[in-house]
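Enquirer: Contents are TSV, C-alpha atoms; file name model.tsv:
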```tsv
chain	number	residue	atom	x	y	z
A	56	MET	CA	86.98	-35.76	41.07
A	57	SER	CA	86.21	-32.33	42.35
A	58	GLU	CA	84.63	-31.31	45.60
A	59	GLU	CA	81.00	-32.31	45.88
A	60	ILE	CA	79.91	-29.08	47.54
A	61	LEU	CA	81.37	-26.92	44.78
A	62	ASN	CA	79.03	-28.60	42.30
A	63	LEU	CA	75.76	-28.06	44.13
A	64	SER	CA	73.03	-26.60	41.97
A	65	LEU	CA	70.95	-23.59	42.96
A	66	VAL	CA	67.97	-25.85	43.57
A	67	GLN	CA	70.03	-28.01	45.92
A	68	LEU	CA	71.40	-25.00	47.76
A	69	ASP	CA	67.88	-23.64	48.17
A	70	ALA	CA	66.68	-26.97	49.51
A	71	LEU	CA	69.51	-27.06	52.05
A	72	LYS	CA	68.74	-23.50	53.06
A	73	GLU	CA	65.13	-24.44	53.62
A	74	ILE	CA	66.20	-27.34	55.81
A	75	GLY	CA	68.31	-24.90	57.80
A	76	ASN	CA	65.38	-22.56	58.05
A	77	VAL	CA	62.92	-25.12	59.38
A	78	GLY	CA	65.46	-26.69	61.70
A	79	ALA	CA	66.64	-23.41	63.16
A	80	GLY	CA	63.06	-22.17	63.47
A	81	ASN	CA	62.23	-25.18	65.58
A	82	SER	CA	65.34	-24.61	67.71
A	83	ALA	CA	64.56	-20.94	68.20
A	84	THR	CA	61.07	-21.81	69.40
A	85	ALA	CA	62.51	-24.33	71.86
A	86	LEU	CA	65.01	-21.79	73.17
A	87	SER	CA	62.33	-19.15	73.46
A	88	GLN	CA	60.16	-21.45	75.56
A	89	LEU	CA	63.11	-22.42	77.71
A	90	ILE	CA	64.14	-18.90	78.67
A	91	ASN	CA	60.73	-17.31	78.22
A	92	ARG	CA	62.01	-14.59	75.92
A	93	LYS	CA	61.24	-13.63	72.38
A	94	ILE	CA	63.93	-14.87	70.04
A	95	ASP	CA	64.73	-13.35	66.69
A	96	MET	CA	66.36	-15.47	64.09
A	97	THR	CA	68.16	-14.44	60.94
A	98	VAL	CA	67.31	-16.10	57.65
A	99	PRO	CA	69.85	-18.91	57.44
A	100	GLN	CA	72.96	-18.06	55.51
A	101	ILE	CA	74.25	-20.72	53.27
A	102	ALA	CA	77.79	-20.22	52.15
A	103	ILE	CA	80.55	-22.21	50.59
A	104	MET	CA	83.83	-20.87	51.86
A	105	PRO	CA	87.46	-21.91	52.33
A	106	LEU	CA	87.81	-23.84	55.60
A	107	GLY	CA	90.14	-21.25	57.09
A	108	ASP	CA	87.53	-18.50	56.72
A	109	VAL	CA	84.85	-20.21	58.81
A	110	PRO	CA	86.06	-18.84	62.20
A	111	ASP	CA	85.47	-15.33	60.83
A	112	VAL	CA	81.73	-16.10	60.75
A	113	VAL	CA	81.75	-15.92	64.54
A	114	GLY	CA	84.21	-13.04	64.84
A	115	GLY	CA	87.65	-14.59	64.31
A	116	PRO	CA	89.66	-17.58	65.54
A	117	ASP	CA	90.73	-16.00	68.85
A	118	VAL	CA	87.27	-14.92	70.04
A	119	MET	CA	86.20	-16.65	73.27
A	120	VAL	CA	83.15	-18.82	72.80
A	121	ALA	CA	81.23	-21.63	74.43
A	122	GLY	CA	80.59	-24.53	72.07
A	123	VAL	CA	78.19	-27.42	72.49
A	124	TYR	CA	79.00	-30.26	70.16
A	125	LEU	CA	76.84	-33.25	69.32
A	126	ARG	CA	77.17	-36.12	66.92
A	127	VAL	CA	74.17	-37.08	64.86
A	128	PHE	CA	73.51	-40.81	64.34
A	129	GLY	CA	71.34	-42.44	61.71
A	130	PRO	CA	71.43	-42.74	57.94
A	131	ALA	CA	73.04	-39.30	57.55
A	132	PRO	CA	75.72	-39.00	60.26
A	133	SER	CA	76.58	-35.38	60.93
A	134	SER	CA	77.93	-32.99	63.52
A	135	ILE	CA	76.06	-30.19	65.19
A	136	LEU	CA	77.85	-27.30	66.80
A	137	PHE	CA	76.12	-24.56	68.75
A	138	LEU	CA	78.45	-21.63	69.40
A	139	LEU	CA	77.79	-18.76	71.77
A	140	PRO	CA	80.02	-15.79	72.48
A	141	ARG	CA	81.24	-16.24	76.06
A	142	ASP	CA	79.18	-13.32	77.39
A	143	SER	CA	76.03	-14.72	75.81
A	144	ALA	CA	76.73	-18.07	77.43
A	145	PHE	CA	77.08	-16.43	80.85
A	146	TYR	CA	73.91	-14.46	80.25
A	147	LEU	CA	71.93	-17.53	79.27
A	148	VAL	CA	73.15	-19.43	82.30
A	149	ASP	CA	72.15	-16.59	84.63
A	150	MET	CA	68.75	-16.49	82.98
A	151	LEU	CA	68.22	-20.22	83.36
A	152	MET	CA	69.42	-20.33	86.94
A	153	GLY	CA	67.31	-17.35	87.94
A	154	ARG	CA	70.29	-15.27	88.92
A	155	GLU	CA	70.97	-11.60	88.45
A	156	GLN	CA	72.48	-10.73	85.08
A	157	GLY	CA	76.23	-10.40	85.24
A	158	TYR	CA	76.55	-12.81	88.16
A	159	THR	CA	78.39	-15.46	86.21
A	160	THR	CA	81.99	-14.77	85.26
A	161	SER	CA	83.13	-18.35	84.90
A	162	LEU	CA	81.26	-21.61	84.54
A	163	ASP	CA	80.96	-24.18	87.32
A	164	SER	CA	79.90	-27.74	86.58
A	165	MET	CA	76.23	-26.92	87.17
A	166	ASP	CA	76.43	-24.07	84.64
A	167	GLU	CA	78.15	-26.37	82.19
A	168	SER	CA	75.36	-28.91	82.54
A	169	ALA	CA	72.83	-26.16	81.92
A	170	LEU	CA	74.59	-25.08	78.73
A	171	MET	CA	74.86	-28.66	77.51
A	172	GLU	CA	71.17	-29.06	78.16
A	173	ILE	CA	70.46	-25.97	76.06
A	174	GLY	CA	72.57	-27.46	73.29
A	175	ASN	CA	70.69	-30.73	73.70
A	176	ILE	CA	67.30	-29.11	73.42
A	177	LEU	CA	68.27	-26.97	70.45
A	178	ALA	CA	69.84	-29.88	68.62
A	179	GLY	CA	66.85	-32.09	69.37
A	180	ALA	CA	64.47	-29.49	67.98
A	181	TYR	CA	66.63	-28.99	64.90
A	182	LEU	CA	66.90	-32.72	64.25
A	183	ASN	CA	63.17	-33.22	64.71
A	184	ALA	CA	62.56	-30.79	61.89
A	185	LEU	CA	65.30	-32.31	59.78
A	186	SER	CA	63.98	-35.84	60.36
A	187	HIS	CA	60.49	-34.76	59.48
A	188	PHE	CA	61.67	-33.04	56.34
A	189	THR	CA	63.89	-35.85	55.11
A	190	LYS	CA	61.99	-38.83	56.57
A	191	LEU	CA	65.36	-39.99	57.91
A	192	THR	CA	65.65	-41.00	61.55
A	193	LEU	CA	68.35	-38.79	63.02
A	194	LEU	CA	69.31	-39.01	66.68
A	195	PRO	CA	71.68	-36.81	68.67
A	196	SER	CA	74.46	-38.07	70.92
A	197	ILE	CA	74.87	-36.69	74.39
A	198	PRO	CA	76.35	-33.19	74.18
A	199	ALA	CA	79.93	-32.17	74.93
A	200	LEU	CA	80.95	-28.68	75.96
A	201	ALA	CA	84.08	-26.59	75.56
A	202	VAL	CA	84.74	-22.96	76.41
A	203	ASP	CA	87.72	-21.76	74.44
A	204	MET	CA	88.93	-19.93	71.34
A	205	ALA	CA	86.51	-20.13	68.40
A	206	GLY	CA	89.20	-21.42	66.04
A	207	ALA	CA	90.10	-24.25	68.39
A	208	ILE	CA	86.49	-25.33	68.85
A	209	LEU	CA	85.65	-25.02	65.16
A	210	SER	CA	88.76	-27.01	64.25
A	211	VAL	CA	86.92	-30.13	65.39
A	212	ILE	CA	84.38	-29.85	62.59
A	213	LEU	CA	86.67	-28.15	60.08
A	214	ILE	CA	89.09	-31.07	60.26
A	215	GLN	CA	86.27	-33.48	59.44
A	216	LEU	CA	85.44	-31.33	56.44
A	217	GLY	CA	89.10	-31.09	55.54
A	218	GLU	CA	89.12	-34.82	54.87
A	219	MET	CA	86.66	-34.19	52.05
A	220	GLY	CA	87.91	-30.98	50.50
A	221	ASP	CA	89.10	-27.45	51.00
A	222	HIS	CA	85.70	-25.82	51.43
A	223	ALA	CA	82.94	-25.84	54.00
A	224	LEU	CA	79.24	-25.78	53.30
A	225	VAL	CA	78.05	-23.67	56.18
A	226	ILE	CA	74.36	-23.57	57.01
A	227	GLU	CA	74.41	-21.02	59.74
A	228	THR	CA	71.73	-19.19	61.68
A	229	GLU	CA	72.13	-16.45	64.20
A	230	PHE	CA	69.78	-16.17	67.16
A	231	THR	CA	69.29	-13.01	69.16
A	232	THR	CA	67.05	-12.31	72.12
A	233	GLU	CA	64.87	-9.27	71.91
A	234	ASN	CA	66.57	-6.79	74.21
A	235	ASP	CA	69.68	-8.25	75.68
A	236	GLY	CA	71.64	-9.31	72.62
A	237	VAL	CA	72.24	-12.93	73.49
A	238	LYS	CA	73.69	-14.37	70.32
A	239	GLY	CA	74.20	-17.88	69.12
A	240	HIS	CA	75.39	-19.61	65.96
A	241	PHE	CA	74.12	-22.96	64.92
A	242	PHE	CA	76.14	-25.13	62.53
A	243	LEU	CA	75.11	-28.37	60.87
A	244	ILE	CA	77.93	-30.26	59.21
A	245	PRO	CA	77.10	-33.48	57.32
A	246	ASP	CA	79.79	-36.21	57.31
A	247	PRO	CA	81.28	-37.39	54.01
A	248	GLY	CA	78.46	-39.04	52.07
A	249	SER	CA	75.70	-37.69	54.29
A	250	LEU	CA	75.09	-34.68	52.12
A	251	SER	CA	74.05	-36.84	49.18
A	252	THR	CA	71.85	-38.95	51.48
A	253	ILE	CA	70.07	-35.79	52.63
A	254	LEU	CA	69.75	-34.47	49.08
A	255	SER	CA	68.31	-37.80	47.89
A	256	ALA	CA	65.90	-37.89	50.80
A	257	ILE	CA	64.44	-34.53	49.83
A	258	GLY	CA	64.39	-35.44	46.16
A	259	VAL	CA	66.94	-33.02	44.75
A	260	ARG	CA	69.76	-35.47	44.12
A	261	GLU	CA	70.76	-35.11	40.49
B	284	MET	CA	110.11	-2.29	62.03
B	285	SER	CA	109.10	-5.78	62.97
B	286	GLU	CA	105.96	-7.20	61.53
B	287	VAL	CA	103.54	-9.78	62.86
B	288	ILE	CA	102.49	-12.12	60.08
B	289	LYS	CA	99.25	-14.04	60.48
B	290	VAL	CA	99.11	-17.68	59.50
B	291	GLY	CA	95.60	-19.00	58.88
B	292	MET	CA	94.27	-22.50	59.28
B	293	ALA	CA	95.62	-24.82	56.57
B	294	ASP	CA	98.30	-22.33	55.66
B	295	TYR	CA	102.01	-21.68	56.22
B	296	LYS	CA	104.20	-18.59	56.08
B	297	ILE	CA	107.92	-17.97	56.33
B	298	SER	CA	109.79	-14.87	57.38
B	299	ARG	CA	113.03	-13.60	58.83
B	300	ASN	CA	114.32	-11.49	61.73
B	301	PRO	CA	112.79	-9.28	63.18
B	302	ASN	CA	109.32	-10.45	62.19
B	303	SER	CA	107.16	-12.91	64.01
B	304	LEU	CA	104.65	-15.44	62.77
B	305	ILE	CA	101.41	-15.98	64.63
B	306	SER	CA	98.51	-18.41	64.32
B	307	TYR	CA	95.35	-18.04	66.39
B	308	GLY	CA	93.10	-20.62	67.97
B	309	LEU	CA	94.66	-24.00	67.26
B	310	GLY	CA	92.56	-26.88	68.52
B	311	SER	CA	93.25	-30.32	67.09
B	312	CYS	CA	95.43	-28.72	64.44
B	313	VAL	CA	99.18	-28.63	64.95
B	314	GLY	CA	101.36	-25.53	64.64
B	315	ILE	CA	104.81	-26.52	63.38
B	316	ALA	CA	107.55	-23.94	63.81
B	317	LEU	CA	110.81	-24.44	61.90
B	318	TYR	CA	113.76	-22.20	62.65
B	319	ASP	CA	117.32	-21.58	61.51
B	320	GLY	CA	118.97	-19.82	64.44
B	321	VAL	CA	121.99	-18.57	62.47
B	322	ASN	CA	120.20	-16.82	59.62
B	323	LYS	CA	117.20	-16.20	61.86
B	324	ILE	CA	114.75	-17.51	59.32
B	325	GLY	CA	111.55	-19.08	60.54
B	326	GLY	CA	108.46	-20.78	59.21
B	327	LEU	CA	105.12	-21.56	60.79
B	328	ALA	CA	102.65	-24.12	59.42
B	329	HIS	CA	99.12	-24.61	60.75
B	330	ILE	CA	98.21	-28.10	59.56
B	331	MET	CA	94.80	-29.71	59.92
B	332	LEU	CA	95.37	-33.32	58.93
B	333	PRO	CA	98.23	-35.80	59.04
B	334	ASP	CA	98.23	-37.37	55.63
B	335	SER	CA	97.41	-36.08	52.15
B	336	THR	CA	97.23	-39.59	50.69
B	337	GLN	CA	94.13	-40.28	52.83
B	338	ALA	CA	92.26	-37.29	51.48
B	339	ARG	CA	89.61	-37.40	48.81
B	340	VAL	CA	90.19	-34.09	47.11
B	341	SER	CA	92.48	-31.24	47.94
B	342	GLU	CA	94.16	-28.46	46.12
B	343	ASN	CA	95.75	-27.09	49.24
B	344	PRO	CA	99.01	-28.81	50.22
B	345	ALA	CA	99.28	-26.57	53.31
B	346	LYS	CA	96.43	-28.51	54.91
B	347	PHE	CA	98.43	-31.69	55.48
B	348	ALA	CA	101.55	-32.31	57.54
B	349	ASP	CA	103.18	-34.49	54.88
B	350	THR	CA	102.84	-31.92	52.10
B	351	ALA	CA	103.09	-28.63	54.04
B	352	LEU	CA	106.35	-29.40	55.79
B	353	PRO	CA	108.54	-30.17	52.72
B	354	LEU	CA	107.13	-27.11	50.94
B	355	MET	CA	107.79	-24.79	53.86
B	356	LEU	CA	111.26	-26.24	54.30
B	357	SER	CA	112.21	-25.69	50.67
B	358	GLU	CA	110.96	-22.10	50.78
B	359	MET	CA	113.04	-21.45	53.87
B	360	ILE	CA	116.10	-22.89	52.14
B	361	LYS	CA	115.40	-20.66	49.16
B	362	MET	CA	115.35	-17.69	51.56
B	363	GLY	CA	118.78	-18.69	52.82
B	364	ALA	CA	118.21	-21.13	55.66
B	365	MET	CA	120.38	-24.23	55.94
B	366	LYS	CA	118.68	-27.58	56.23
B	367	GLY	CA	121.18	-28.96	58.77
B	368	ARG	CA	120.60	-26.05	61.14
B	369	ILE	CA	116.83	-26.08	61.06
B	370	THR	CA	115.10	-27.27	64.21
B	371	ALA	CA	111.43	-27.70	65.04
B	372	LYS	CA	109.00	-26.89	67.84
B	373	ILE	CA	105.39	-28.01	67.79
B	374	ALA	CA	102.18	-27.18	69.66
B	375	GLY	CA	98.50	-28.09	69.38
B	376	GLY	CA	96.90	-31.47	68.75
B	377	ALA	CA	94.29	-31.05	71.47
B	378	GLN	CA	91.04	-32.97	71.82
B	379	MET	CA	88.54	-30.20	72.35
B	380	PHE	CA	85.51	-32.33	73.21
B	381	THR	CA	85.53	-35.44	75.32
B	382	PHE	CA	83.11	-38.26	74.72
B	383	ALA	CA	83.00	-41.50	76.65
B	384	ASN	CA	83.99	-43.61	73.65
B	385	ALA	CA	85.90	-41.29	71.42
B	386	THR	CA	85.93	-42.40	67.81
B	387	ASP	CA	88.78	-41.88	65.39
B	388	VAL	CA	87.16	-38.65	64.26
B	389	MET	CA	87.56	-37.27	67.76
B	390	ARG	CA	91.16	-38.35	68.21
B	391	VAL	CA	92.46	-36.45	65.21
B	392	GLY	CA	94.60	-34.21	67.44
B	393	GLU	CA	96.52	-37.21	68.67
B	394	ARG	CA	96.91	-38.55	65.14
B	395	ASN	CA	98.12	-35.16	63.92
B	396	THR	CA	100.78	-34.93	66.61
B	397	ALA	CA	102.02	-38.47	66.00
B	398	ALA	CA	102.21	-37.88	62.25
B	399	VAL	CA	104.15	-34.64	62.67
B	400	ARG	CA	106.67	-36.30	65.00
B	401	MET	CA	107.22	-39.14	62.58
B	402	LEU	CA	107.56	-36.79	59.66
B	403	LEU	CA	110.15	-34.63	61.42
B	404	LYS	CA	112.16	-37.74	62.20
B	405	LYS	CA	111.92	-38.89	58.59
B	406	MET	CA	113.03	-35.48	57.36
B	407	ASP	CA	115.87	-35.52	59.87
B	408	ILE	CA	114.76	-32.33	61.63
B	409	ARG	CA	115.40	-32.21	65.35
B	410	LEU	CA	112.34	-31.59	67.53
B	411	LEU	CA	113.48	-29.26	70.32
B	412	ALA	CA	110.27	-28.77	72.27
B	413	ASP	CA	106.60	-29.50	72.16
B	414	ASP	CA	103.37	-28.61	73.91
B	415	THR	CA	100.68	-30.93	72.63
B	416	GLY	CA	97.52	-32.71	73.72
B	417	GLY	CA	95.13	-31.58	76.42
B	418	ASN	CA	91.62	-30.32	75.81
B	419	TYR	CA	92.25	-26.63	75.25
B	420	GLY	CA	93.00	-24.25	72.41
B	421	ARG	CA	96.33	-22.56	71.79
B	422	THR	CA	97.55	-19.45	70.00
B	423	VAL	CA	101.15	-19.83	68.85
B	424	GLU	CA	103.76	-17.26	67.89
B	425	LEU	CA	107.25	-17.83	66.52
B	426	LYS	CA	109.73	-15.00	67.11
B	427	THR	CA	112.32	-15.05	64.37
B	428	ASP	CA	114.77	-12.89	66.33
B	429	THR	CA	115.18	-15.49	69.08
B	430	GLY	CA	113.45	-18.66	67.88
B	431	ILE	CA	111.19	-18.53	70.92
B	432	TYR	CA	107.87	-20.25	70.31
B	433	ARG	CA	105.22	-18.70	72.53
B	434	VAL	CA	102.09	-20.70	73.35
B	435	LYS	CA	99.10	-18.85	74.76
B	436	THR	CA	96.00	-20.48	76.23
B	437	ILE	CA	92.88	-19.21	77.95
B	438	ALA	CA	92.95	-21.23	81.14
B	439	GLN	CA	96.42	-22.82	81.17
B	440	GLY	CA	98.43	-19.60	80.96
B	441	GLU	CA	101.26	-18.83	78.61
B	442	LYS	CA	104.54	-20.58	78.03
B	443	GLU	CA	107.67	-20.17	75.95
B	444	LEU	CA	109.21	-23.11	74.18
```
If you took the structure in this file and wrote it as structure tokens, what would it be?

Expert:
Amino acid sequence: MSEEILNLSLVQLDALKEIGNVGAGNSATALSQLINRKIDMTVPQIAIMPLGDVPDVVGGPDVMVAGVYLRVFGPAPSSILFLLPRDSAFYLVDMLMGREQGYTTSLDSMDESALMEIGNILAGAYLNALSHFTKLTLLPSIPALAVDMAGAILSVILIQLGEMGDHALVIETEFTTENDGVKGHFFLIPDPGSLSTILSAIGVRE
Amino acid sequence: MSEVIKVGMADYKISRNPNSLISYGLGSCVGIALYDGVNKIGGLAHIMLPDSTQARVSENPAKFADTALPLMLSEMIKMGAMKGRITAKIAGGAQMFTFANATDVMRVGERNTAAVRMLLKKMDIRLLADDTGGNYGRTVELKTDTGIYRVKTIAQGEKEL
């Protein structure tokens, strides 16, 4: 048996990319409303890469990031990870709290709650789109937050993938605000078996 | 000239004095440093999972503790290290996110650490020091000139094992 994700057809990859597109579009709109700024979003990248290369997507394993992690419950259990470079996280928190930019240099518990809430809203918006698209009922857990090295935070989802194979299917979108360069990366990682459930649900299961 | 050799996730490297081996951003993974202090030969493995027999598909033995460690050990012996002199230091195995009722998926750091300890015992390699658990990431570096295993964190400072 070889790795499922290495055998995905172009049609399937396109379908997954479209899911990423709709989901991330919904999230970007939610974020834009929340901080009252225009948000630009890249076309989702879909890539199949060795697990060890995934931290490079966000700048390398030792880059400092804030990560909001949620579990997805329902017929297609998954993980969602929203990663922000540390400076972007500080910037977002200042924006939300109505403080001057550059005020925050470390996060207190109120700031952490605010970031988790952002993760919550983004994940909720993403899952709404995904549920709509797949007709599967997908619900997010409460969010958990960590501010640490990107490799360490990503290890949580990479290890789950490692139980299935040596590669990661990364559906990744980058958000940026118009002027101030707040960046974020959104990852959706289906559990073992969930990928085929999603593919069946959208009618591209071979 | 000493060199710093990078060890990626699910990978291992060996080297000798005066080089050092470094692996960035370990979370729930475990960094296993093996060292022969006489020949000054060291190895560093960055494992992701405890047990290769539980895995569905893998072509990468460096991903699992039970397959990475014997491979790294035999390469070190080939380089001139002596099995009886090799000792181990380990770091990592954190739980990065805390949920109220953590499932098995979340406790993989703990499982990794336990598996590595058991494996070292089974392979008759003495564990000299460890820095495991917690909820924070670690960057680890093994100096082959001294055998010092340096553990760097963001908020918990730096220590030498």

Enquirer: B:Asp319, B:Lys442, B:Gly308, B:Ala348: which is nearest A:Met119, counting all atoms listed in the file?

Expert: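 Closest to A:Met119 of all the choices is B:Gly308.
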
Enquirer: With distances taken over all atoms listed in the file, which of A:Asn62, A:Ser161, A:Ser87, A:Gln100 is nearest to A:Thr228?

Expert: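 Ranking A:Asn62, A:Ser161, A:Ser87, A:Gln100 by distance to A:Thr228, first place goes to A:Gln100.
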
Enquirer: Determine which residues of chain B sit within 8 Å of chain A, taking into account all atoms listed in the file, and present them as a VMD selection string.

Expert: chain B and resid 291 to 293 307 to 312 331 to 332 337 to 343 346 379 to 382 388 to 389 419 to 422 437

Enquirer: Would you kindly return, as a short mmCIF file (atom, residue, chain, number, x, y, z; two decimals) with C-alpha atoms, in the coordinates of the input, each protein, DNA or RNA residue with an atom no farther than 8 Å from any atom of A:Thr232, considering only C-alpha atoms and excluding same-chain residues fewer than 4 positions away?

Expert:
```
data_model
loop_
_atom_site.label_atom_id
_atom_site.label_comp_id
_atom_site.auth_asym_id
_atom_site.auth_seq_id
_atom_site.Cartn_x
_atom_site.Cartn_y
_atom_site.Cartn_z
CA ARG A 92 62.01 -14.59 75.92
CA LYS A 93 61.24 -13.63 72.38
CA ILE A 94 63.93 -14.87 70.04
CA ASP A 95 64.73 -13.35 66.69
CA GLY A 236 71.64 -9.31 72.62
CA VAL A 237 72.24 -12.93 73.49
CA LYS A 238 73.69 -14.37 70.32
#
```

Enquirer: Neighbouring residues of B:Ala398 were defined as those with any atom within 9 Å, considering all atoms listed in the file; residues of the same chain fewer than 3 positions away were excluded. Please report them as an mmCIF file with C-alpha atoms, in the frame of the given file.

Expert:
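And here is the file that came out, selection31.cif:
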```cif
data_model
loop_
_atom_site.group_PDB
_atom_site.id
_atom_site.type_symbol
_atom_site.label_atom_id
_atom_site.label_comp_id
_atom_site.auth_asym_id
_atom_site.auth_seq_id
_atom_site.Cartn_x
_atom_site.Cartn_y
_atom_site.Cartn_z
ATOM 1 C CA LEU B 332 95.370 -33.320 58.930
ATOM 2 C CA PRO B 333 98.230 -35.800 59.040
ATOM 3 C CA ASP B 334 98.230 -37.370 55.630
ATOM 4 C CA ALA B 348 101.550 -32.310 57.540
ATOM 5 C CA ASP B 349 103.180 -34.490 54.880
ATOM 6 C CA GLU B 393 96.520 -37.210 68.670
ATOM 7 C CA ARG B 394 96.910 -38.550 65.140
ATOM 8 C CA ASN B 395 98.120 -35.160 63.920
ATOM 9 C CA MET B 401 107.220 -39.140 62.580
ATOM 10 C CA LEU B 402 107.560 -36.790 59.660
ATOM 11 C CA LEU B 403 110.150 -34.630 61.420
#
```

Enquirer: With distances taken over only C-alpha atoms, which of A:Ala180, A:Leu136, A:Ile253, A:Leu89 is nearest to A:Ala70?

Expert: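 The shortest atom-to-atom distance to A:Ala70 comes from A:Ile253.
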
Enquirer: Provide the atom CA of B:Met359 to atom CA of A:Asp111 distance in Å, to one decimal place.

Expert: 29.1 Å

Enquirer: Kindly provide, as a VMD selection string, the polymer residues lying within 8 Å of (77.6, -29.4, 62.1), counting only C-alpha atoms and using the coordinates exactly as they appear in the file.

Expert: chain A and resid 133 to 136 212 241 to 245

Enquirer: Rounded to one decimal place, report the atom CA of B:Thr370-atom CA of B:Thr396 distance in Å.

Expert: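 We find that atom CA of B:Thr370 and atom CA of B:Thr396 lie 16.4 Å from each other.
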
Enquirer: Taking all atoms listed in the file into account, which of A:Gly174, A:Pro130, A:Asn76, A:Arg141 comes nearest A:Thr159?

Expert: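 Result for the nearest residue to A:Thr159: A:Arg141.
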
Enquirer: Which residue, B:Leu444, B:Leu352, B:Val321, B:Met362, has the smallest gap to B:Ser335 when you use all atoms listed in the file?

Expert: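 When distances to B:Ser335 are compared using all atoms listed in the file, the smallest one comes from B:Leu352.
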
Enquirer: What separation in Å, quoted to one decimal, exists between atom CA of B:Pro353 and atom CA of B:Gly392?

Expert: 20.7 Å

Enquirer: As a ChimeraX atom specification, please: the residues near B:Val423 (cut-off 12 Å, only C-alpha atoms, same-chain neighbours under 2 positions excluded).

Expert: /A:117,207 /B:287-291,303-310,312-316,327-329,372-375,413-415,420-421,425-426,431-436,441-444

Enquirer: From the options A:Gln156, A:Thr192, A:Gln67, A:Asn81, which residue's atoms come nearest to A:Ser143, counting all atoms listed in the file?

Expert: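 Closest residue, counting all atoms listed in the file: A:Gln156.
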
Enquirer: What residues have an atom no more than 9 Å from (65.3, -13.8, 62.6) in the file's own frame, counting all atoms listed in the file, and can you write them as an mmCIF file with C-alpha atoms, in the frame of the given file?

Expert:
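The file below, point-v1.cif, is the result:
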```cif
data_model
loop_
_atom_site.group_PDB
_atom_site.id
_atom_site.type_symbol
_atom_site.label_atom_id
_atom_site.label_comp_id
_atom_site.auth_asym_id
_atom_site.auth_seq_id
_atom_site.Cartn_x
_atom_site.Cartn_y
_atom_site.Cartn_z
ATOM 1 C CA GLY A 80 63.060 -22.170 63.470
ATOM 2 C CA ILE A 94 63.930 -14.870 70.040
ATOM 3 C CA ASP A 95 64.730 -13.350 66.690
ATOM 4 C CA MET A 96 66.360 -15.470 64.090
ATOM 5 C CA THR A 97 68.160 -14.440 60.940
ATOM 6 C CA VAL A 98 67.310 -16.100 57.650
ATOM 7 C CA PRO A 99 69.850 -18.910 57.440
ATOM 8 C CA THR A 228 71.730 -19.190 61.680
ATOM 9 C CA GLU A 229 72.130 -16.450 64.200
ATOM 10 C CA PHE A 230 69.780 -16.170 67.160
ATOM 11 C CA THR A 231 69.290 -13.010 69.160
#
```

Enquirer: Excluding same-chain residues fewer than 6 positions from B:Asn302, what lies within 6 Å of it counting all atoms listed in the file, as a list of chain:residue names?

Expert: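 Those residues are B:Ser285, B:Glu286, B:Val287, B:Thr427.
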
Enquirer: Based on the selection just made, write C-alpha atoms of those residues as a compact mmCIF listing (two decimals), in the frame of the given file.

Expert:
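Writing done, so here's out-v8.txt:
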```txt
# COMPACT_ATOMS: atom_id res chain seq x y z
CA SER B 285 109.10 -5.78 62.97
CA GLU B 286 105.96 -7.20 61.53
CA VAL B 287 103.54 -9.78 62.86
CA THR B 427 112.32 -15.05 64.37
```
